[in-house]
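One structure is given here, and the rest of the page talks about it.
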Amino acid sequence: MNLYLNDLGLLCAVGNSRAEVLARLLAGDRSGLIASDEFGIHTIVGQVSSELPEIDQRYSRYNCRNNRLLLAAVSQISATVNEMIARYGADRMGVVLGTSTSGVRNTELALAYQAKFGMLPNEFHYKQQQMGAGADFLASYLGLTGPAYTISTACSSSGKAFASARRLINLDLCDAVIVGGADSLCSLTINGFAALESLSTGYCKPFGLHRNGINIGEAASLFVLSKQPGPVQLLGIGASSDAYHFSAPDPAGTAVIIAMQKALRDASKRPEDIDYLNLHGTATVLNDAMESKAVNALFGNQVAASSSKGLTGHTLGAAAALELGFCWMLLTENERGDLIPNINDDEVDAGLAPLHLVKQGERLGRKLQVCQSNSFAFGGNNLSIIIART
């Protein structure tokens, strides 16, 4: 069965609409990465700058920044969502999201309030931080009665959501699914990565010689996936799990190669058919070495590739959906075949397996036809997705 990505709504550190995000990505604009002391340590974060929509009092139990990010994203695709509801019915539409933080920031602030005043604030509700709250909120807000749930597998979460959403349609449980993810900045993740010594001391440097860690970001990215023909087709998904280490990648990259190969087979594509590869590219020493090795083994240094995390930060559970959104825009809103540059303000590490890392201003010279995007997570939880212009 052919499935299509009919529409996209997203916001992140580089912009609050598709047009703004794409323009700043192609320009290599790093201004969305800012210094912050808000979360207990001084660090660089990728923070959404726009004023987010308020959540109506009727849904106060869901009122958190994560769900406000989702509300902002879904408002960009409301016409398509309403069309799908009219076409298929509310009971035939699902919601599948990925996240790693949900609204845990609300809990952090509520516990700080409790420590000071001896009680939790009246507006706090546990549902604000519950991992499944985003899917519950969107389903309730939109009046959808189909399956609604959230997947949390760290940095592959919203990629796994696409595999799950596709399965719902293939099993005839849904005709359309709102699929994607959201993550918001919080002390838990920032201090957790600091404890792992994985935060960059400055701006992150994907595949750079002097890379030393990530900048954490926040984002929301939502698609409408359906059987109804649309501008982009979901062609292939490949997943693997190597369980090499709790947080470090397998340096051999064997399971990552398997995930990319599975995606290519699922899409009936060859490595040379891929016009652009969005790399996981976290800017940690170990990930970039592993991913370079794996990509070089499968693609050589021919496919145009880059990490967009040097512009947005690493948006964790939202990263897979966000970066697939970047690929969607390259396919649909990009007549000249412009490519996202690998921005790191550093020289490329010559000790890495060679890749064709996109330079500022580089373009394909024609419309892109096929894009692939990688996302990897703790525990060796690997995912690769291929989409194509219709």
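To be explicit about the labels: the chains of the structure tokens are called A, B, and onward in the order shown, and within each one the residues are counted from 1, while ligands get numbers from 1 in the order they are shown.
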Surrounding residues of segment 367-369 of chain A excluding itself and chain neighbours under 5 positions, 7 Å, only C-alpha atoms, as a PDB file with N, CA, C and O atoms, in the first residue's frame:
```
ATOM      1  N   ASP A 275      19.298  11.359  -3.073  1.00  0.00           N
ATOM      2  CA  ASP A 275      19.812  12.688  -3.417  1.00  0.00           C
ATOM      3  C   ASP A 275      20.445  13.393  -2.223  1.00  0.00           C
ATOM      4  O   ASP A 275      21.373  14.192  -2.388  1.00  0.00           O
ATOM      5  N   LEU A 330      12.806  20.015   1.509  1.00  0.00           N
ATOM      6  CA  LEU A 330      13.761  19.972   0.398  1.00  0.00           C
ATOM      7  C   LEU A 330      13.124  19.380  -0.850  1.00  0.00           C
ATOM      8  O   LEU A 330      13.444  19.779  -1.978  1.00  0.00           O
ATOM      9  N   LEU A 331      12.220  18.442  -0.672  1.00  0.00           N
ATOM     10  CA  LEU A 331      11.561  17.792  -1.798  1.00  0.00           C
ATOM     11  C   LEU A 331      10.452  18.641  -2.401  1.00  0.00           C
ATOM     12  O   LEU A 331      10.197  18.572  -3.614  1.00  0.00           O
ATOM     13  N   ASN A 334      11.589  23.600  -2.928  1.00  0.00           N
ATOM     14  CA  ASN A 334      13.006  23.814  -3.168  1.00  0.00           C
ATOM     15  C   ASN A 334      13.317  23.551  -4.642  1.00  0.00           C
ATOM     16  O   ASN A 334      13.878  22.527  -5.002  1.00  0.00           O
ATOM     17  N   GLU A 335      12.939  24.481  -5.505  1.00  0.00           N
ATOM     18  CA  GLU A 335      13.016  24.264  -6.940  1.00  0.00           C
ATOM     19  C   GLU A 335      14.451  24.099  -7.445  1.00  0.00           C
ATOM     20  O   GLU A 335      14.701  23.389  -8.420  1.00  0.00           O
ATOM     21  N   ARG A 336      15.419  24.753  -6.813  1.00  0.00           N
ATOM     22  CA  ARG A 336      16.802  24.730  -7.310  1.00  0.00           C
ATOM     23  C   ARG A 336      17.617  23.552  -6.789  1.00  0.00           C
ATOM     24  O   ARG A 336      18.762  23.370  -7.181  1.00  0.00           O
ATOM     25  N   GLY A 337      17.017  22.767  -5.904  1.00  0.00           N
ATOM     26  CA  GLY A 337      17.764  21.653  -5.342  1.00  0.00           C
ATOM     27  C   GLY A 337      18.809  22.092  -4.323  1.00  0.00           C
ATOM     28  O   GLY A 337      19.870  21.468  -4.201  1.00  0.00           O
ATOM     29  N   ALA A 388      10.123  10.322  -0.744  1.00  0.00           N
ATOM     30  CA  ALA A 388      10.347  10.724  -2.126  1.00  0.00           C
ATOM     31  C   ALA A 388       9.262  11.657  -2.615  1.00  0.00           C
ATOM     32  O   ALA A 388       8.094  11.565  -2.201  1.00  0.00           O
ATOM     33  N   ARG A 389       9.646  12.543  -3.526  1.00  0.00           N
ATOM     34  CA  ARG A 389       8.685  13.402  -4.222  1.00  0.00           C
ATOM     35  C   ARG A 389       7.779  12.536  -5.088  1.00  0.00           C
ATOM     36  O   ARG A 389       8.214  11.573  -5.711  1.00  0.00           O
TER      37      ARG A 389
END
```
Compile the contact shell of segment 171-187 of chain A as an MDAnalysis selection string: residues with an atom at most 7 Å away, counting only C-alpha atoms, same-chain residues fewer than 2 positions apart removed. chainID A and resid 39:40 65:66 69:70 88 92:102 104:105 158 161:162 165 167:169 189:191 217:227 315:318 321
From the list A:Ala377, A:Leu355, A:Cys327, A:Ala135, which residue is nearest Leu25 of chain A when using only C-alpha atoms? A:Cys327
Could you pull out the residues in segment 24-259 of chain A that DSSP calls strand (DSSP E or B) from the backbone, as a ChimeraX atom specification? /A:33-36,43-46,93-98,148-151,176-183,199,208,214,216-217,219-226,232-241
List every residue of segment 139-387 of chain A that DSSP, applied to the backbone of this structure, assigns to alpha helix (DSSP H), and report them as a count of residues only. 74
Give me the residues near segment 10-13 of chain A as a list in words, where near means some atom within 6 Å (using only C-alpha atoms) and where sequence neighbours in that chain fewer than 3 positions away do not count.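 Contacts, in chain order: Asn16, Ser17, Gly32, Gly46, Gln47, Val48, Ala73, Ala219, Ala220, Ser221 and Thr312 of chain A.
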Might you pull out every residue within 7 Å of Thr145 of chain A, with only C-alpha atoms counted and same-chain residues fewer than 6 positions away left off, and present them as a list in words?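 Contacts, in chain order: Ala90, Asp91 and Ala139 of chain A.
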Could you give me, as number ranges by chain, the residues within 9 Å of Leu111 of chain A, counting only C-alpha atoms and dropping anything in the same chain fewer than 5 positions from it? A: 106, 116, 119-121
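Among A:Ala35, A:Val295, A:Ile385, A:Ile55, the residue with the shortest atom-to-atom distance to His356 of chain A, counting only C-alpha atoms, is A:Val295.
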How far is it from atom CA of Ile34 of chain A to atom CA of Glu51 of chain A, in Å with one decimal? 16.8 Å
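Taking only C-alpha atoms into account, Ser156 of chain A lies nearest to A:Ala239 out of the set A:Leu22, A:Ala239, A:Val285, A:Ala263.
Take atom CA of Ala350 of chain A and atom CA of Ser306 of chain A: the distance between them is 15.8 Å.
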Point out the residue among A:Gly159, A:Gly9, A:Gly132, A:Gly103 with the least atom-to-atom distance to Ala319 of chain A, counting only C-alpha atoms. A:Gly159
Any idea what's packed within 8 Å of Phe137 of chain A, counting only C-alpha atoms, ignoring anything in its chain fewer than 4 positions away? Could you give it as a short mmCIF file (atom, residue, chain, number, x, y, z; two decimals) with N, CA and C atoms, in the first residue's frame?
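Writing the result to around37.cif gives the following:
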```cif
data_model
loop_
_atom_site.label_atom_id
_atom_site.label_comp_id
_atom_site.auth_asym_id
_atom_site.auth_seq_id
_atom_site.Cartn_x
_atom_site.Cartn_y
_atom_site.Cartn_z
N TYR A 59 -8.52 22.13 28.67
CA TYR A 59 -7.45 21.13 28.60
C TYR A 59 -6.31 21.49 29.56
N TYR A 62 -3.38 19.33 30.52
CA TYR A 62 -2.32 19.11 29.52
C TYR A 62 -1.43 20.34 29.32
N ASN A 67 3.21 20.54 25.05
CA ASN A 67 1.93 20.49 24.35
C ASN A 67 1.61 21.80 23.64
N ALA A 133 1.01 12.13 27.23
CA ALA A 133 0.10 13.27 27.31
C ALA A 133 -0.06 13.99 25.97
N TYR A 141 -8.12 17.42 21.75
CA TYR A 141 -8.27 18.76 21.17
C TYR A 141 -8.92 18.69 19.79
#
```
Could you name the residues that touch His314 of chain A at 7 Å or less, counting only C-alpha atoms, but leaving out those on the same chain fewer than 4 positions away, as a PDB file with N, CA, C and O atoms, in the first residue's frame?
```
ATOM      1  N   ILE A 214      27.093  17.825  22.306  1.00  0.00           N
ATOM      2  CA  ILE A 214      25.857  18.295  21.696  1.00  0.00           C
ATOM      3  C   ILE A 214      25.407  19.619  22.292  1.00  0.00           C
ATOM      4  O   ILE A 214      25.804  20.002  23.391  1.00  0.00           O
ATOM      5  N   ASN A 215      24.563  20.334  21.539  1.00  0.00           N
ATOM      6  CA  ASN A 215      23.706  21.387  22.080  1.00  0.00           C
ATOM      7  C   ASN A 215      22.291  20.819  22.067  1.00  0.00           C
ATOM      8  O   ASN A 215      21.820  20.353  21.030  1.00  0.00           O
ATOM      9  N   ILE A 216      21.609  20.855  23.181  1.00  0.00           N
ATOM     10  CA  ILE A 216      20.243  20.325  23.233  1.00  0.00           C
ATOM     11  C   ILE A 216      19.266  21.382  22.736  1.00  0.00           C
ATOM     12  O   ILE A 216      19.387  22.574  23.048  1.00  0.00           O
ATOM     13  N   GLY A 217      18.295  20.940  21.939  1.00  0.00           N
ATOM     14  CA  GLY A 217      17.289  21.847  21.400  1.00  0.00           C
ATOM     15  C   GLY A 217      15.885  21.361  21.702  1.00  0.00           C
ATOM     16  O   GLY A 217      15.681  20.310  22.322  1.00  0.00           O
ATOM     17  N   THR A 282      25.428  14.051  15.817  1.00  0.00           N
ATOM     18  CA  THR A 282      25.225  14.736  17.092  1.00  0.00           C
ATOM     19  C   THR A 282      26.369  15.650  17.495  1.00  0.00           C
ATOM     20  O   THR A 282      26.224  16.467  18.392  1.00  0.00           O
ATOM     21  N   LYS A 309      21.963  19.446  12.991  1.00  0.00           N
ATOM     22  CA  LYS A 309      21.986  19.747  14.429  1.00  0.00           C
ATOM     23  C   LYS A 309      22.912  20.911  14.765  1.00  0.00           C
ATOM     24  O   LYS A 309      22.798  21.494  15.846  1.00  0.00           O
ATOM     25  N   ALA A 319      13.776  14.765  17.213  1.00  0.00           N
ATOM     26  CA  ALA A 319      14.780  14.950  16.154  1.00  0.00           C
ATOM     27  C   ALA A 319      14.428  14.217  14.869  1.00  0.00           C
ATOM     28  O   ALA A 319      14.574  14.773  13.766  1.00  0.00           O
TER      29      ALA A 319
END
```
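In this model, the gap between atom CA of Ala194 of chain A and atom CA of Gly281 of chain A comes to 18.2 Å.
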